[in-house]
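J.: So here's input.txt, just compact mmCIF, C-alpha atoms:
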```txt
# COMPACT_ATOMS: atom_id res chain seq x y z
CA MET A 278 -67.93 -63.32 -69.74
CA ARG A 279 -64.52 -62.06 -68.67
CA GLN A 280 -63.14 -61.95 -72.23
CA PRO A 281 -65.81 -59.55 -73.65
CA LYS A 282 -65.27 -57.18 -70.69
CA GLU A 283 -61.53 -57.13 -71.27
CA SER A 284 -62.05 -56.50 -74.99
CA LEU A 285 -64.50 -53.68 -74.24
CA MET A 286 -62.12 -52.00 -71.78
CA ARG A 287 -59.26 -52.37 -74.25
CA VAL A 288 -61.33 -50.46 -76.81
CA VAL A 289 -62.23 -47.80 -74.22
CA PHE A 290 -58.58 -47.31 -73.25
CA LEU A 291 -57.54 -47.14 -76.90
CA PHE A 292 -60.21 -44.52 -77.56
CA CYS A 293 -59.04 -42.40 -74.61
CA ALA A 294 -55.42 -42.64 -75.76
CA CYS A 295 -56.33 -41.68 -79.33
CA THR A 296 -58.44 -38.77 -78.05
CA SER A 297 -55.46 -37.42 -76.08
CA ILE A 298 -53.17 -37.74 -79.09
CA LEU A 299 -55.76 -36.07 -81.34
CA ALA A 300 -56.09 -33.15 -78.91
CA VAL A 301 -52.33 -32.57 -78.95
CA VAL A 302 -52.24 -32.79 -82.75
CA LEU A 303 -55.10 -30.29 -83.12
CA ILE A 304 -53.38 -27.86 -80.75
CA CYS A 305 -50.17 -28.14 -82.76
CA ILE A 306 -52.02 -27.56 -86.03
CA PHE A 307 -53.81 -24.49 -84.64
CA LEU A 308 -50.63 -22.96 -83.22
CA PHE A 309 -48.37 -23.54 -86.19
CA ALA A 310 -51.03 -22.69 -88.79
CA GLY A 311 -51.72 -19.41 -87.05
CA GLY A 312 -48.19 -18.53 -85.95
CA LEU A 313 -45.81 -19.52 -88.75
CA PRO A 314 -47.31 -17.14 -91.36
CA ALA A 315 -46.84 -14.25 -88.93
CA MET A 316 -43.21 -15.25 -88.39
CA GLN A 317 -42.65 -15.31 -92.13
CA GLU A 318 -44.28 -11.90 -92.61
CA ILE A 319 -42.40 -10.27 -89.74
CA GLY A 320 -39.18 -12.18 -90.36
CA ILE A 321 -37.99 -14.96 -88.05
CA GLY A 322 -34.89 -12.99 -87.07
CA ASN A 323 -36.83 -9.79 -86.41
CA PHE A 324 -39.46 -11.70 -84.46
CA LEU A 325 -37.18 -13.83 -82.25
CA LEU A 326 -34.30 -11.36 -81.84
CA GLY A 327 -36.10 -8.04 -82.08
CA LEU A 328 -35.74 -5.84 -79.00
CA ARG A 329 -38.88 -3.74 -79.38
CA TRP A 330 -42.51 -4.82 -79.03
CA LYS A 331 -44.74 -2.03 -80.30
CA PRO A 332 -47.60 -3.50 -82.35
CA THR A 333 -49.03 -0.04 -83.13
CA ASN A 334 -45.74 0.80 -84.89
CA GLY A 335 -45.40 -2.58 -86.59
CA LEU A 336 -42.59 -3.77 -84.29
CA TYR A 337 -42.96 -7.35 -83.07
CA GLY A 338 -39.71 -8.31 -81.36
CA ILE A 339 -40.20 -10.85 -78.56
CA PHE A 340 -36.57 -11.24 -77.44
CA PRO A 341 -37.18 -9.23 -74.22
CA MET A 342 -40.08 -11.59 -73.37
CA ILE A 343 -37.93 -14.66 -74.10
CA VAL A 344 -35.22 -13.34 -71.77
CA GLY A 345 -37.85 -12.44 -69.18
CA SER A 346 -39.36 -15.93 -69.27
CA LEU A 347 -35.93 -17.52 -68.88
CA TYR A 348 -35.00 -15.24 -65.97
CA VAL A 349 -38.25 -15.79 -64.10
CA THR A 350 -38.22 -19.55 -64.71
CA ALA A 351 -34.58 -19.85 -63.64
CA GLY A 352 -35.34 -17.91 -60.47
CA ALA A 353 -38.33 -20.12 -59.71
CA ILE A 354 -36.16 -23.21 -60.18
CA LEU A 355 -33.49 -21.89 -57.81
CA ILE A 356 -36.13 -21.15 -55.18
CA GLY A 357 -38.60 -23.99 -55.67
CA VAL A 358 -36.52 -27.04 -56.58
CA PRO A 359 -34.23 -27.25 -53.48
CA THR A 360 -37.13 -26.38 -51.18
CA GLY A 361 -39.49 -28.87 -52.81
CA VAL A 362 -37.02 -31.76 -52.93
CA LEU A 363 -35.90 -31.27 -49.33
CA CYS A 364 -39.53 -31.03 -48.23
CA ALA A 365 -40.28 -34.28 -50.06
CA VAL A 366 -37.31 -35.96 -48.35
CA PHE A 367 -38.59 -34.77 -44.98
CA LEU A 368 -42.13 -36.02 -45.64
CA ALA A 369 -40.95 -39.39 -46.92
CA ARG A 370 -38.17 -40.20 -44.46
CA PHE A 371 -38.06 -37.85 -41.46
CA CYS A 372 -41.58 -36.60 -40.74
CA PRO A 373 -43.40 -38.01 -37.66
CA ALA A 374 -46.74 -39.65 -38.44
CA ARG A 375 -48.83 -37.06 -36.58
CA LEU A 376 -47.12 -34.14 -38.28
CA TYR A 377 -47.37 -35.90 -41.67
CA ARG A 378 -51.16 -36.03 -41.37
CA ILE A 379 -51.12 -32.23 -41.19
CA LEU A 380 -48.37 -31.34 -43.66
CA LYS A 381 -49.41 -33.66 -46.48
CA PRO A 382 -52.93 -32.22 -46.91
CA VAL A 383 -51.46 -28.71 -46.70
CA THR A 384 -49.04 -29.35 -49.58
CA GLU A 385 -51.83 -30.94 -51.61
CA LEU A 386 -54.05 -27.94 -50.92
CA LEU A 387 -51.42 -25.65 -52.44
CA ALA A 388 -51.89 -27.43 -55.77
CA GLY A 389 -55.60 -26.59 -55.80
CA ILE A 390 -55.28 -22.84 -55.24
CA PRO A 391 -56.16 -20.90 -58.44
CA SER A 392 -53.44 -18.90 -60.14
CA VAL A 393 -55.31 -15.63 -59.67
CA VAL A 394 -55.32 -16.22 -55.90
CA TYR A 395 -51.56 -16.72 -55.96
CA GLY A 396 -51.29 -13.52 -57.99
CA PHE A 397 -53.44 -11.61 -55.53
CA PHE A 398 -51.32 -12.95 -52.65
CA GLY A 399 -48.18 -11.80 -54.44
CA LEU A 400 -49.69 -8.40 -55.19
CA VAL A 401 -50.85 -7.79 -51.60
CA ILE A 402 -48.06 -9.49 -49.62
CA ILE A 403 -44.89 -10.05 -51.67
CA VAL A 404 -44.87 -6.81 -53.68
CA PRO A 405 -45.14 -4.53 -50.59
CA MET A 406 -42.52 -6.67 -48.86
CA MET A 407 -40.13 -6.17 -51.79
CA GLN A 408 -40.86 -2.43 -51.71
CA ARG A 409 -39.91 -2.22 -48.03
CA ILE A 410 -36.75 -4.31 -48.45
CA PHE A 411 -35.36 -3.12 -51.80
CA GLY A 412 -37.33 0.01 -52.61
CA GLY A 413 -38.81 0.76 -56.02
CA GLY A 414 -42.15 -0.47 -57.25
CA GLY A 415 -41.78 -4.01 -55.94
CA LYS A 416 -42.89 -5.64 -59.20
CA SER A 417 -39.80 -7.31 -60.60
CA VAL A 418 -38.04 -10.45 -61.77
CA LEU A 419 -37.30 -11.37 -58.14
CA THR A 420 -40.93 -10.99 -57.08
CA ALA A 421 -42.20 -13.11 -59.97
CA SER A 422 -39.52 -15.74 -59.33
CA LEU A 423 -40.42 -15.96 -55.65
CA LEU A 424 -44.12 -16.33 -56.39
CA LEU A 425 -43.52 -18.97 -59.09
CA GLY A 426 -41.15 -20.81 -56.75
CA ILE A 427 -44.03 -21.10 -54.28
CA MET A 428 -46.47 -22.17 -57.00
CA ILE A 429 -44.34 -25.08 -58.26
CA LEU A 430 -43.74 -26.49 -54.76
CA PRO A 431 -46.77 -28.83 -54.62
CA THR A 432 -45.89 -30.40 -57.98
CA ILE A 433 -42.25 -31.02 -57.05
CA ILE A 434 -43.10 -32.19 -53.53
CA GLY A 435 -45.80 -34.63 -54.63
CA VAL A 436 -43.87 -36.28 -57.46
CA SER A 437 -40.56 -36.34 -55.56
CA GLU A 438 -42.11 -37.88 -52.46
CA SER A 439 -43.74 -40.62 -54.53
CA ALA A 440 -40.40 -41.32 -56.22
CA ILE A 441 -38.58 -41.52 -52.89
CA ARG A 442 -41.18 -43.87 -51.40
CA ALA A 443 -40.95 -46.08 -54.51
CA VAL A 444 -37.26 -46.84 -53.83
CA PRO A 445 -36.93 -50.40 -52.43
CA GLU A 446 -36.31 -50.47 -48.69
CA SER A 447 -33.28 -52.69 -49.30
CA TYR A 448 -31.33 -49.62 -50.50
CA TYR A 449 -31.82 -47.93 -47.15
CA GLU A 450 -31.23 -51.07 -45.12
CA GLY A 451 -28.09 -51.91 -47.08
CA ALA A 452 -26.64 -48.45 -46.36
CA LEU A 453 -27.41 -48.87 -42.66
CA ALA A 454 -25.75 -52.30 -42.68
CA LEU A 455 -22.58 -50.71 -44.05
CA GLY A 456 -22.49 -48.34 -41.08
CA ALA A 457 -24.11 -45.22 -42.56
CA THR A 458 -26.27 -42.99 -40.40
CA HIS A 459 -29.96 -42.47 -41.09
CA GLU A 460 -29.33 -39.13 -42.81
CA ARG A 461 -26.45 -40.46 -44.88
CA SER A 462 -28.45 -43.53 -45.92
CA VAL A 463 -31.30 -41.32 -47.14
CA PHE A 464 -29.19 -38.76 -49.01
CA CYS A 465 -26.51 -41.10 -50.39
CA ALA A 466 -28.52 -44.26 -51.15
CA VAL A 467 -32.24 -43.54 -51.38
CA LEU A 468 -32.14 -40.11 -53.00
CA PRO A 469 -29.84 -41.06 -55.92
CA ALA A 470 -32.04 -44.08 -56.62
CA ALA A 471 -35.08 -41.79 -56.89
CA ARG A 472 -33.30 -39.36 -59.20
CA SER A 473 -35.39 -40.17 -62.25
CA GLY A 474 -38.68 -39.56 -60.47
CA ILE A 475 -37.40 -36.40 -58.82
CA LEU A 476 -36.26 -35.12 -62.21
CA ALA A 477 -39.76 -35.78 -63.54
CA GLY A 478 -41.19 -33.63 -60.75
CA VAL A 479 -38.70 -30.87 -61.53
CA VAL A 480 -39.63 -30.93 -65.22
CA LEU A 481 -43.33 -30.71 -64.38
CA GLY A 482 -42.58 -27.83 -62.06
CA VAL A 483 -40.58 -26.05 -64.77
CA GLY A 484 -43.47 -26.55 -67.19
CA ARG A 485 -45.82 -25.00 -64.64
CA ALA A 486 -43.46 -22.08 -64.10
CA ILE A 487 -42.79 -21.27 -67.75
CA GLY A 488 -46.47 -21.65 -68.66
CA GLU A 489 -47.91 -19.52 -65.84
CA ALA A 490 -49.52 -16.28 -67.00
CA MET A 491 -52.08 -14.76 -64.65
CA ALA A 492 -50.03 -14.68 -61.44
CA VAL A 493 -46.90 -13.48 -63.22
CA SER A 494 -48.73 -10.68 -65.02
CA MET A 495 -49.90 -9.36 -61.64
CA VAL A 496 -46.46 -9.11 -59.99
CA ALA A 497 -43.80 -8.88 -62.72
CA GLY A 498 -44.29 -5.28 -63.86
CA ASN A 499 -45.12 -6.18 -67.49
CA GLN A 500 -42.40 -4.08 -69.10
CA PRO A 501 -41.43 -5.44 -72.56
CA VAL A 502 -37.74 -4.67 -72.13
CA ILE A 503 -34.72 -6.76 -71.20
CA PRO A 504 -34.40 -6.52 -67.38
CA GLU A 505 -31.22 -4.88 -66.17
CA SER A 506 -31.35 -6.49 -62.71
CA LEU A 507 -33.45 -8.76 -60.51
CA LEU A 508 -35.35 -5.71 -59.32
CA SER A 509 -36.36 -4.58 -62.83
CA GLY A 510 -39.82 -5.11 -64.25
CA VAL A 511 -40.25 -7.86 -66.82
CA ARG A 512 -42.81 -9.34 -69.19
CA THR A 513 -42.92 -13.05 -69.96
CA LEU A 514 -44.16 -14.76 -73.11
CA THR A 515 -47.34 -15.99 -71.43
CA ALA A 516 -48.11 -12.59 -69.90
CA ASN A 517 -47.63 -10.97 -73.30
CA VAL A 518 -50.30 -13.21 -74.82
CA VAL A 519 -52.72 -12.77 -71.92
CA LEU A 520 -52.41 -8.98 -71.77
CA GLU A 521 -52.95 -8.28 -75.46
CA MET A 522 -54.96 -11.14 -76.96
CA GLY A 523 -58.27 -9.59 -75.90
CA TYR A 524 -57.96 -6.64 -78.29
CA ALA A 525 -55.39 -7.84 -80.85
CA GLN A 526 -56.35 -8.05 -84.52
CA ASP A 527 -54.83 -9.13 -87.82
CA LEU A 528 -51.01 -9.34 -87.71
CA HIS A 529 -50.93 -8.40 -84.03
CA ARG A 530 -53.12 -11.39 -83.17
CA GLU A 531 -51.08 -13.70 -85.37
CA ALA A 532 -47.88 -12.46 -83.70
CA LEU A 533 -49.33 -13.39 -80.31
CA ILE A 534 -50.13 -16.87 -81.64
CA ALA A 535 -46.55 -17.06 -82.90
CA THR A 536 -45.44 -16.16 -79.36
CA ALA A 537 -47.43 -19.15 -78.14
CA VAL A 538 -45.61 -21.28 -80.74
CA VAL A 539 -42.25 -20.21 -79.27
CA LEU A 540 -43.50 -21.07 -75.79
CA PHE A 541 -44.72 -24.45 -77.03
CA VAL A 542 -41.30 -25.17 -78.55
CA PHE A 543 -39.62 -24.27 -75.25
CA ILE A 544 -41.77 -26.73 -73.32
CA LEU A 545 -41.22 -29.37 -76.00
CA LEU A 546 -37.45 -28.95 -75.71
CA ILE A 547 -37.68 -29.30 -71.93
CA ASN A 548 -39.61 -32.56 -72.25
CA ILE A 549 -37.17 -33.91 -74.86
CA SER A 550 -34.23 -33.04 -72.61
CA PHE A 551 -35.89 -34.87 -69.73
CA SER A 552 -36.47 -37.94 -71.91
CA LEU A 553 -32.82 -37.96 -72.98
CA LEU A 554 -31.62 -37.64 -69.39
CA LYS A 555 -33.96 -40.38 -68.25
CA ARG A 556 -32.79 -42.67 -71.04
CA ARG A 557 -29.16 -42.02 -70.11
CA ASP A 558 -29.91 -42.88 -66.47
CA GLU A 559 -31.56 -46.14 -67.48
CA THR A 560 -28.56 -47.17 -69.59
```
Before we go any further, please render this structure as structure tokens.

T.:
Amino acid sequence: MRQPKESLMRVVFLFCACTSILAVVLICIFLFAGGLPAMQEIGIGNFLLGLRWKPTNGLYGIFPMIVGSLYVTAGAILIGVPTGVLCAVFLARFCPARLYRILKPVTELLAGIPSVVYGFFGLVIIVPMMQRIFGGGGKSVLTASLLLGIMILPTIIGVSESAIRAVPESYYEGALALGATHERSVFCAVLPAARSGILAGVVLGVGRAIGEAMAVSMVAGNQPVIPESLLSGVRTLTANVVLEMGYAQDLHREALIATAVVLFVFILLINISFSLLKRRDET
């Protein structure tokens, strides 16, 4: 009786795996089939390196949006990664049990908040705060980076904490036996051993940051120009698609799909880089 059940579950698991692969393949086919012809018609150089996005005038340069996405994502990494990793270290190795029972559900709750709620929070709280501190309109690269840094925290904290807890206790005990303090044992023995898992959390957080659209479009200013400073308005690739896909037609619509292709390639390169780093760590 046990053998037929195992065979049945093996088929079910294979079907689920094939379904996931098929979904990814269909997404790739849709994106590239809809986006590559637009790139060819516009010109790959004009599309990727063009400085002006004015569909009504036939100008489809997305370089300002590429720069904007990189700026906002880099800012979110600088804000969210150190905060998230240190928070994960605290939860895994320093947090008292009573406090942990409060903090852990709170960090998990952050992951379930919809993007539009984050965007509304940024619009009502962070934007006015930036106006009071720096002046101007408040919608800028810095505002979007700060909001995205908050949004990627639950992903980084959850994955990093699991990676830290997965490190064998012998690493920590061995460091203590050599005379290291509790803090030094955690940061010099346990944390390096969990590097691969922490890096996975960072990559997932970066993917969340670079793929976020709704919240960013509410606080970034949505100006399709290269930002001159952290306080300048910016438009990201995702926001560009969200803002204009509802009324775009013909070449304009295909150009937006091509923008999604560029975003897809960015995320693919991030995942490949992570795989290469992970393979180097294992060797």

J.: Find the residue from A:Arg370, A:Gly389, A:Phe551, A:Pro332 that sits nearest to Arg461 (chain A); use all atoms listed in the file when measuring.

T.: A:Arg370

J.: Suppose you want the space between CA of Leu400 (chain A) and CA of His529 (chain A); what is it in Å?

T.: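 Value for the CA of Leu400 (chain A)-CA of His529 (chain A) distance: 28.9 Å.
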
J.: Between A:Gly523, A:Gly474, A:Gly510, A:Gly322, single out the one closest to Met342 (chain A), counting all atoms listed in the file.

T.: A:Gly510

J.: Using all atoms listed in the file, tabulate the residues of region 484-555 of chain A lying at most 7 Å from any atom of region 406-429 of chain A, each with its closest atom pair and that distance in Å to one decimal, by chain and increasing residue number, as a Markdown table.

T.:
```
| residue | atom | partner | partner_atom | distance |
| --- | --- | --- | --- | --- |
| A:Arg485 | CA | A:Ile429 | CA | 6.5 |
| A:Ala486 | CA | A:Leu425 | CA | 5.9 |
| A:Val493 | CA | A:Ala421 | CA | 5.7 |
| A:Val496 | CA | A:Lys416 | CA | 5.0 |
| A:Ala497 | CA | A:Ser417 | CA | 4.8 |
| A:Gly498 | CA | A:Lys416 | CA | 4.9 |
| A:Leu507 | CA | A:Val418 | CA | 5.1 |
| A:Leu508 | CA | A:Ser417 | CA | 4.9 |
| A:Ser509 | CA | A:Ser417 | CA | 4.9 |
| A:Gly510 | CA | A:Ser417 | CA | 4.3 |
| A:Val511 | CA | A:Val418 | CA | 6.1 |
```

J.: Which is closest to Thr513 (chain A) among A:Tyr337, A:Tyr348, A:Phe292, A:Phe309, if we use only C-alpha atoms?

T.: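 Closest residue, counting only C-alpha atoms: A:Tyr348.
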
J.: Can you work out the spacing between CA of Ser447 (chain A) and CA of Cys372 (chain A) in Å, to one decimal?

T.: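 Those two atoms sit 20.0 Å apart.
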
J.: Do you know which residues are at most 8 Å from Leu533 (chain A) counting all atoms listed in the file, after dropping those on the same chain fewer than 2 positions away, and could you put them as a PyMOL selection string?

T.: chain A and resi 312+517-518+521-522+529-531+535-537

J.: With a distance cut-off of 12 Å and all atoms listed in the file, select the neighbouring residues of Ala470 (chain A), excluding the residue or stretch itself and same-chain residues fewer than 2 positions from it, and output the selection as number ranges by chain.

T.: A: 437, 440-449, 462-468, 472-476, 558-559

J.: Figure out the distance between CA of Leu540 (chain A) and CA of Leu514 (chain A), please, to one decimal in Å.

T.: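 Between these atoms lies a distance of 6.9 Å.
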
J.: Compare A:Leu376, A:Val349, A:Ile354, A:Ile304 by their minimum atom-to-atom distance to Leu481 (chain A), counting all atoms listed in the file, and give me the closest one.

T.: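 Between A:Leu376, A:Val349, A:Ile354, A:Ile304, the residue approaching Leu481 (chain A) most closely is A:Ile354.
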